[in-house]
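Q: Structure file data-v2.pdb (PDB, C-alpha atoms) is given on the next line.
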```
ATOM      1  CA  GLU A 501      20.762 134.952 112.688
ATOM      2  CA  ALA A 502      19.598 133.697 116.059
ATOM      3  CA  GLN A 503      15.888 134.253 116.340
ATOM      4  CA  VAL A 504      12.459 133.153 117.470
ATOM      5  CA  THR A 505       9.858 133.264 114.716
ATOM      6  CA  GLN A 506       6.091 133.207 115.044
ATOM      7  CA  ASN A 507       3.382 132.764 112.453
ATOM      8  CA  PRO A 508       1.072 134.298 111.703
ATOM      9  CA  ARG A 509       1.894 137.785 112.931
ATOM     10  CA  TYR A 510      -1.736 138.884 112.695
ATOM     11  CA  LEU A 511      -4.903 136.800 112.704
ATOM     12  CA  ILE A 512      -8.582 137.627 112.810
ATOM     13  CA  THR A 513     -10.871 134.660 113.318
ATOM     14  CA  VAL A 514     -14.314 133.744 114.600
ATOM     15  CA  THR A 515     -15.441 132.030 117.770
ATOM     16  CA  GLY A 516     -14.979 128.268 117.717
ATOM     17  CA  LYS A 517     -12.712 127.976 114.682
ATOM     18  CA  LYS A 518      -9.623 126.008 115.665
ATOM     19  CA  LEU A 519      -6.310 127.714 115.057
ATOM     20  CA  THR A 520      -2.602 127.126 115.607
ATOM     21  CA  VAL A 521       0.089 129.722 116.159
ATOM     22  CA  THR A 522       3.511 128.365 115.331
ATOM     23  CA  CYS A 523       6.746 129.173 117.141
ATOM     24  CA  SER A 524      10.196 128.132 116.024
ATOM     25  CA  GLN A 525      13.679 128.878 117.363
ATOM     26  CA  ASN A 526      17.063 128.209 115.785
ATOM     27  CA  MET A 527      19.233 128.453 118.902
ATOM     28  CA  ASN A 528      18.901 124.852 120.109
ATOM     29  CA  HIS A 529      17.191 126.071 123.277
ATOM     30  CA  GLU A 530      15.700 123.477 125.599
ATOM     31  CA  TYR A 531      13.216 125.825 127.271
ATOM     32  CA  MET A 532      10.275 127.396 125.434
ATOM     33  CA  SER A 533       7.298 129.307 126.704
ATOM     34  CA  TRP A 534       4.131 131.091 125.601
ATOM     35  CA  TYR A 535       2.884 134.369 127.081
ATOM     36  CA  ARG A 536      -0.100 136.549 126.408
ATOM     37  CA  GLN A 537       0.065 140.320 126.777
ATOM     38  CA  ASP A 538      -3.016 142.300 127.752
ATOM     39  CA  PRO A 539      -3.258 146.015 128.591
ATOM     40  CA  GLY A 540      -2.666 146.710 132.262
ATOM     41  CA  LEU A 541      -1.738 143.091 132.977
ATOM     42  CA  GLY A 542       1.743 142.796 131.523
ATOM     43  CA  LEU A 543       2.664 139.367 130.184
ATOM     44  CA  ARG A 544       1.256 136.187 131.692
ATOM     45  CA  GLN A 545       2.597 132.727 131.060
ATOM     46  CA  ILE A 546       0.271 130.261 129.316
ATOM     47  CA  TYR A 547       2.385 127.108 128.953
ATOM     48  CA  TYR A 548       6.026 126.208 129.027
ATOM     49  CA  SER A 549       8.216 123.337 127.953
ATOM     50  CA  MET A 550      11.510 122.276 129.444
ATOM     51  CA  ASN A 551      12.380 119.953 126.580
ATOM     52  CA  VAL A 552      10.912 117.685 123.922
ATOM     53  CA  GLU A 553       7.727 115.977 125.125
ATOM     54  CA  VAL A 554       7.862 117.883 128.453
ATOM     55  CA  THR A 555       5.227 120.596 128.865
ATOM     56  CA  ASP A 556       3.463 122.178 131.816
ATOM     57  CA  LYS A 557       0.839 124.791 132.592
ATOM     58  CA  GLY A 558       1.619 128.374 133.368
ATOM     59  CA  ASP A 559      -0.688 130.874 135.022
ATOM     60  CA  VAL A 560      -3.423 131.082 132.370
ATOM     61  CA  PRO A 561      -3.604 127.728 130.493
ATOM     62  CA  GLU A 562      -7.399 127.464 130.129
ATOM     63  CA  GLY A 563      -8.482 127.251 126.501
ATOM     64  CA  TYR A 564      -5.000 126.507 125.162
ATOM     65  CA  LYS A 565      -2.994 123.437 124.233
ATOM     66  CA  VAL A 566       0.635 123.015 123.308
ATOM     67  CA  SER A 567       2.904 120.279 122.024
ATOM     68  CA  ARG A 568       6.673 119.848 121.836
ATOM     69  CA  LYS A 569       7.482 117.095 119.372
ATOM     70  CA  GLU A 570      10.676 118.728 118.146
ATOM     71  CA  LYS A 571      13.152 120.821 120.032
ATOM     72  CA  ARG A 572      12.864 123.831 117.751
ATOM     73  CA  ASN A 573       9.036 124.061 117.556
ATOM     74  CA  PHE A 574       6.417 124.858 120.182
ATOM     75  CA  PRO A 575       2.999 125.496 118.628
ATOM     76  CA  LEU A 576       0.116 127.048 120.556
ATOM     77  CA  ILE A 577      -3.274 125.549 119.761
ATOM     78  CA  LEU A 578      -6.648 127.147 120.401
ATOM     79  CA  GLU A 579      -9.191 124.395 119.792
ATOM     80  CA  SER A 580     -12.265 126.579 120.228
ATOM     81  CA  PRO A 581     -11.225 130.237 120.426
ATOM     82  CA  SER A 582     -13.385 132.698 122.299
ATOM     83  CA  PRO A 583     -13.351 136.522 122.323
ATOM     84  CA  ASN A 584     -11.576 136.612 125.695
ATOM     85  CA  GLN A 585      -8.567 135.069 123.954
ATOM     86  CA  THR A 586      -8.143 138.192 121.869
ATOM     87  CA  SER A 587      -4.637 139.229 122.833
ATOM     88  CA  LEU A 588      -1.024 139.663 121.796
ATOM     89  CA  TYR A 589       0.886 136.393 122.093
ATOM     90  CA  PHE A 590       4.627 135.951 122.528
ATOM     91  CA  CYS A 591       6.762 132.862 122.292
ATOM     92  CA  ALA A 592      10.088 132.807 124.128
ATOM     93  CA  SER A 593      13.011 130.417 124.421
ATOM     94  CA  SER A 594      16.231 129.993 126.357
ATOM     95  CA  PHE A 595      18.858 127.502 127.446
ATOM     96  CA  THR A 596      17.967 125.681 130.635
ATOM     97  CA  GLY A 597      20.860 127.184 132.557
ATOM     98  CA  THR A 598      20.076 130.746 131.463
ATOM     99  CA  TYR A 599      16.304 130.729 131.711
ATOM    100  CA  HIS A 600      16.402 134.356 132.796
ATOM    101  CA  GLN A 601      17.681 135.397 129.376
ATOM    102  CA  GLN A 602      14.711 134.412 127.307
ATOM    103  CA  PHE A 603      14.600 135.425 123.647
ATOM    104  CA  PHE A 604      11.193 136.601 122.530
ATOM    105  CA  GLY A 605       9.497 136.285 119.176
ATOM    106  CA  PRO A 606       7.926 139.304 117.450
ATOM    107  CA  GLY A 607       4.418 138.525 118.665
ATOM    108  CA  THR A 608       1.120 137.375 117.149
ATOM    109  CA  ARG A 609      -1.858 139.688 117.409
ATOM    110  CA  LEU A 610      -5.004 137.552 117.569
ATOM    111  CA  THR A 611      -8.550 138.876 117.339
ATOM    112  CA  VAL A 612     -11.453 136.498 117.964
ATOM    113  CA  LEU A 613     -14.821 137.849 116.840
TER     114      LEU A 613
ATOM    115  CA  GLY B1417       2.745 134.424 145.034
ATOM    116  CA  ASN B1418       5.192 136.603 143.166
ATOM    117  CA  SER B1419       4.177 139.967 141.773
ATOM    118  CA  VAL B1420       5.707 143.039 140.174
ATOM    119  CA  THR B1421       4.263 146.541 140.331
ATOM    120  CA  GLN B1422       5.379 149.329 138.022
ATOM    121  CA  MET B1423       4.612 153.002 138.206
ATOM    122  CA  GLU B1424       1.513 154.152 136.402
ATOM    123  CA  GLY B1425       2.143 155.358 132.870
ATOM    124  CA  PRO B1426       2.429 156.576 130.260
ATOM    125  CA  VAL B1427       5.519 158.719 130.721
ATOM    126  CA  THR B1428       6.224 161.589 128.335
ATOM    127  CA  LEU B1429       9.577 163.368 128.392
ATOM    128  CA  SER B1430      11.594 165.780 126.322
ATOM    129  CA  GLU B1431      14.890 164.654 124.831
ATOM    130  CA  GLU B1432      17.796 164.784 127.328
ATOM    131  CA  ALA B1433      15.475 164.650 130.330
ATOM    132  CA  PHE B1434      16.141 162.338 133.279
ATOM    133  CA  LEU B1435      14.098 159.155 133.404
ATOM    134  CA  THR B1436      12.939 157.122 136.366
ATOM    135  CA  ILE B1437      10.473 154.254 136.134
ATOM    136  CA  ASN B1438       9.631 152.758 139.504
ATOM    137  CA  CYS B1439       9.352 149.033 140.073
ATOM    138  CA  THR B1440       8.670 147.133 143.267
ATOM    139  CA  TYR B1441       8.274 143.415 143.724
ATOM    140  CA  THR B1442       6.986 140.694 146.008
ATOM    141  CA  ALA B1443       8.636 137.298 145.925
ATOM    142  CA  THR B1444       8.785 134.245 148.117
ATOM    143  CA  GLY B1445      12.405 133.406 147.423
ATOM    144  CA  TYR B1446      15.484 135.237 146.165
ATOM    145  CA  PRO B1447      14.531 136.431 142.727
ATOM    146  CA  SER B1448      16.570 137.721 139.853
ATOM    147  CA  LEU B1449      15.274 141.032 138.506
ATOM    148  CA  PHE B1450      15.105 142.284 134.952
ATOM    149  CA  TRP B1451      14.083 145.158 132.764
ATOM    150  CA  TYR B1452      12.796 144.310 129.307
ATOM    151  CA  VAL B1453      12.120 146.798 126.510
ATOM    152  CA  GLN B1454       9.580 146.421 123.733
ATOM    153  CA  TYR B1455       9.990 148.684 120.714
ATOM    154  CA  PRO B1456       6.945 149.269 118.516
ATOM    155  CA  GLY B1457       5.970 146.156 116.585
ATOM    156  CA  GLU B1458       8.694 144.014 118.121
ATOM    157  CA  GLY B1459       9.086 141.378 120.797
ATOM    158  CA  LEU B1460      10.640 141.992 124.181
ATOM    159  CA  GLN B1461      14.389 142.374 124.559
ATOM    160  CA  LEU B1462      16.331 142.024 127.761
ATOM    161  CA  LEU B1463      17.655 145.460 128.685
ATOM    162  CA  LEU B1464      19.456 144.698 131.930
ATOM    163  CA  LYS B1465      19.434 142.329 134.859
ATOM    164  CA  ALA B1466      20.556 141.890 138.458
ATOM    165  CA  THR B1467      20.731 138.554 140.195
ATOM    166  CA  LYS B1468      21.384 139.459 143.825
ATOM    167  CA  ALA B1469      20.937 142.247 146.331
ATOM    168  CA  ASP B1470      22.914 145.446 145.679
ATOM    169  CA  ASP B1471      23.797 144.363 142.132
ATOM    170  CA  LYS B1472      23.546 147.137 139.570
ATOM    171  CA  GLY B1473      22.490 146.203 136.059
ATOM    172  CA  SER B1474      23.351 148.593 133.247
ATOM    173  CA  ASN B1475      23.063 148.758 129.471
ATOM    174  CA  LYS B1476      22.706 151.487 126.819
ATOM    175  CA  GLY B1477      22.862 154.220 129.473
ATOM    176  CA  PHE B1478      20.092 152.651 131.551
ATOM    177  CA  GLU B1479      20.740 151.327 135.020
ATOM    178  CA  ALA B1480      18.866 149.773 137.915
ATOM    179  CA  THR B1481      19.974 148.647 141.372
ATOM    180  CA  TYR B1482      18.547 145.611 143.170
ATOM    181  CA  ARG B1483      17.392 146.946 146.557
ATOM    182  CA  LYS B1484      16.342 144.062 148.780
ATOM    183  CA  GLU B1485      15.516 146.278 151.757
ATOM    184  CA  THR B1486      12.936 148.237 149.757
ATOM    185  CA  THR B1487      12.110 145.391 147.329
ATOM    186  CA  SER B1488      12.679 147.742 144.439
ATOM    187  CA  PHE B1489      14.443 147.809 141.069
ATOM    188  CA  HIS B1490      13.891 151.285 139.635
ATOM    189  CA  LEU B1491      15.037 152.010 136.084
ATOM    190  CA  GLU B1492      16.971 155.236 135.453
ATOM    191  CA  LYS B1493      18.624 157.008 132.571
ATOM    192  CA  GLY B1494      20.345 160.354 132.794
ATOM    193  CA  SER B1495      19.477 161.667 129.339
ATOM    194  CA  VAL B1496      16.806 160.032 127.221
ATOM    195  CA  GLN B1497      16.671 160.059 123.441
ATOM    196  CA  VAL B1498      13.778 159.865 121.017
ATOM    197  CA  SER B1499      14.953 156.340 120.157
ATOM    198  CA  ASP B1500      14.256 155.271 123.768
ATOM    199  CA  SER B1501      10.518 155.549 123.135
ATOM    200  CA  ALA B1502       9.178 152.082 123.899
ATOM    201  CA  VAL B1503       7.336 150.027 126.501
ATOM    202  CA  TYR B1504       9.422 149.017 129.504
ATOM    203  CA  PHE B1505       8.634 145.961 131.612
ATOM    204  CA  CYS B1506      10.035 145.115 135.000
ATOM    205  CA  ALA B1507      10.159 141.380 135.646
ATOM    206  CA  LEU B1508      11.388 138.818 138.104
ATOM    207  CA  SER B1509      12.358 135.195 137.987
ATOM    208  CA  ASP B1510      12.154 133.190 141.163
ATOM    209  CA  PRO B1511      14.344 130.098 141.115
ATOM    210  CA  GLY B1512      12.459 128.771 144.097
ATOM    211  CA  GLY B1513       9.120 129.024 142.342
ATOM    212  CA  THR B1514       7.063 126.118 141.098
ATOM    213  CA  SER B1515       7.059 127.176 137.457
ATOM    214  CA  TYR B1516      10.545 126.738 136.130
ATOM    215  CA  GLY B1517      11.840 129.683 134.161
ATOM    216  CA  LYS B1518       8.661 131.696 134.479
ATOM    217  CA  LEU B1519       9.067 135.434 134.311
ATOM    218  CA  THR B1520       6.574 137.473 136.318
ATOM    219  CA  PHE B1521       6.036 140.822 134.605
ATOM    220  CA  GLY B1522       4.818 144.191 135.700
ATOM    221  CA  GLN B1523       2.112 146.002 133.762
ATOM    222  CA  GLY B1524       4.522 147.809 131.485
ATOM    223  CA  THR B1525       5.233 151.547 131.221
ATOM    224  CA  ILE B1526       4.918 153.380 127.926
ATOM    225  CA  LEU B1527       7.694 155.923 127.450
ATOM    226  CA  THR B1528       7.414 158.601 124.783
ATOM    227  CA  VAL B1529      10.324 160.977 124.218
ATOM    228  CA  HIS B1530       9.756 164.147 122.191
ATOM    229  CA  PRO B1531      12.528 166.038 120.350
TER     230      PRO B1531
END
```
Translate the structure described by the file into structure tokens.

A:
Amino acid sequence: EAQVTQNPRYLITVTGKKLTVTCSQNMNHEYMSWYRQDPGLGLRQIYYSMNVEVTDKGDVPEGYKVSRKEKRNFPLILESPSPNQTSLYFCASSFTGTYHQQFFGPGTRLTVL
Amino acid sequence: GNSVTQMEGPVTLSEEAFLTINCTYTATGYPSLFWYVQYPGEGLQLLLKATKADDKGSNKGFEATYRKETTSFHLEKGSVQVSDSAVYFCALSDPGGTSYGKLTFGQGTILTVHP
């Protein structure tokens, strides 16, 4: 089954404790992206990647890092989480030519205390 | 920059009622427009899309028409069902933008349909 998976689905952590949210897709998509969803703000792009070893900032990259060492994986790293990073995070992927048809993962709900 | 504005929510309807969710946009280029749906506990799914002016996207009884003159892409359905209860997001993708592939989303509208 074609899908985007994220882990963990739920995470409660404390300020300053490094964490990684994994994202994996099995559709051989070149393009991958991370969004955060906050009430009243819709989804905002954090980082994106057009292919292996190619990443770039989105609209709200502060406090986040990403890497793209393999085509299928695009982890989101929070080196020192803060409470304002409490949010619902979505990973998405697509083929380069059909970037408008992005497939979304199920989401990761992160709470930073 | 690009932006998408959706009607204030939430929206509560009875089954078989007519649905309209308004969406207007601002874009520097010639965007493609989308409606995404998010069912409880799930990720977003593409519901329908339109890539140029006057295109009509449709799927599962929903439809929306790309109106360049009013910069709008309103979502409609003639008869909603309880299973349509979800959050609906209007979005655009601007191929002329600086962030390749980025989708700009509206705030989302919560739809609840009662039997």

Q: For a quick test of understanding: name the residues of chain B lying within 7 Å of chain A when counting all atoms listed in the file, and present them as a compact mmCIF listing (two decimals) with C-alpha atoms, in the coordinates of the input.

A:
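iface.txt, freshly written:
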```txt
# COMPACT_ATOMS: atom_id res chain seq x y z
CA GLU B 1458 8.69 144.01 118.12
CA GLY B 1459 9.09 141.38 120.80
CA LEU B 1460 10.64 141.99 124.18
CA GLN B 1461 14.39 142.37 124.56
CA LEU B 1462 16.33 142.02 127.76
CA SER B 1509 12.36 135.20 137.99
CA SER B 1515 7.06 127.18 137.46
CA GLY B 1517 11.84 129.68 134.16
CA PHE B 1521 6.04 140.82 134.60
CA GLY B 1522 4.82 144.19 135.70
CA GLN B 1523 2.11 146.00 133.76
CA GLY B 1524 4.52 147.81 131.49
```

Q: Would you kindly translate the PyMOL selection byres ((chain B and resi 1491) around 10) into the concrete residues it picks from this file, as a PyMOL selection string?

A: chain B and resi 1435-1439+1450-1451+1464+1473-1474+1478-1481+1488-1490+1492-1493+1504-1506

Q: Specify the axis-aligned box that encloses all atoms of range 534-545 of chain A listed in the file after padding of 4 Å on each side, stating its centre and edge lengths in Å to one decimal as JSON.

A:
```
{"center_x": 0.4, "center_y": 138.9, "center_z": 129.3, "size_x": 15.4, "size_y": 23.6, "size_z": 15.4}
```

Q: Expressed in Å to a single decimal, how great is the separation between CA of Leu1508 in chain B and CA of Val560 in chain A?

A: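 We find that CA of Leu1508 in chain B and CA of Val560 in chain A lie 17.7 Å from each other.
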
Q: Once the PyMOL selection byres ((chain B and resi 1429) around 7) is applied to the coordinates I shared, what remains selected? I want it as a ChimeraX atom specification.

A: /B:1427-1428,1430-1431,1433,1528-1530

Q: Output C-alpha atoms for every residue in the selection just made, as a compact mmCIF listing (two decimals), keeping the file's coordinate frame.

A:
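Writing the result to part-v5.txt gives the following:
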```
# COMPACT_ATOMS: atom_id res chain seq x y z
CA VAL B 1427 5.52 158.72 130.72
CA THR B 1428 6.22 161.59 128.34
CA SER B 1430 11.59 165.78 126.32
CA GLU B 1431 14.89 164.65 124.83
CA ALA B 1433 15.48 164.65 130.33
CA THR B 1528 7.41 158.60 124.78
CA VAL B 1529 10.32 160.98 124.22
CA HIS B 1530 9.76 164.15 122.19
```

Q: When the PyMOL selection byres ((chain B and resi 1487) around 9) is applied to the structure above, which residues does it catch, written out as a PyMOL selection string?

A: chain B and resi 1439-1443+1482-1486+1488-1489

Q: Please provide as a list in words all residues within 9 Å of Val514 in chain A, with the sequence filter that same-chain residues fewer than 5 positions apart are discarded (counting only C-alpha atoms).

A: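 Within the cut-off, the hits are Pro581, Ser582, Pro583, Thr611, Val612 and Leu613 of chain A.
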
Q: Grab the CA of Gly1457 in chain B to CA of Gln525 in chain A distance for me, in Å with one decimal place.

A: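 So the two atoms, CA of Gly1457 in chain B and CA of Gln525 in chain A, lie 18.9 Å apart.
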
Q: With only C-alpha atoms counted, which protein, DNA or RNA residues have an atom no more than 8 Å from (1.0, 128.9, 113.1) in the file frame? Please answer as a PyMOL selection string.

A: chain A and resi 506-508+519-523+575-576

Q: Considering all atoms listed in the file, state which residue in the set B:Ser1499, B:Lys1518, B:Ala1507, B:Pro1447 is at the smallest distance from Gln1422 in chain B.

A: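 Closest to Gln1422 in chain B, using all atoms listed in the file: B:Ala1507.
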
Q: Report the distance between CA of Lys1472 in chain B and CA of Thr1525 in chain B in Å, rounded to one decimal place.

A: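 Answer for the CA of Lys1472 in chain B to CA of Thr1525 in chain B separation: 20.6 Å.
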
Q: Of the candidates B:Ser1501, B:Leu1527, B:Ser1495, B:Ala1469, which one gets nearest to Ser1448 in chain B if we count all atoms listed in the file?

A: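 Of B:Ser1501, B:Leu1527, B:Ser1495, B:Ala1469, the one nearest Ser1448 in chain B is B:Ala1469, counting all atoms listed in the file.
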
Q: Which one is closest to Gly1417 in chain B: B:Thr1444, B:Pro1531, B:Glu1432, B:Leu1463? Count all atoms listed in the file.

A: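 Closest residue, counting all atoms listed in the file: B:Thr1444.
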
Q: Of the candidates A:Met527, A:Val552, A:Leu578, A:Leu588, which one gets nearest to Lys565 in chain A if we count all atoms listed in the file?

A: A:Leu578

Q: Need the shell around Ser524 in chain A: protein/DNA/RNA residues with any atom at most 6 Å away, counting only C-alpha atoms. Skip same-chain ones fewer than 4 positions apart. Format as a PyMOL selection string?

A: chain A and resi 504-505+572-573

Q: Would you mind telling me which residue in A:Tyr510, A:Glu570, A:Glu530, A:Gly563 lies nearest to Asn551 in chain A when using all atoms listed in the file?

A: A:Glu530
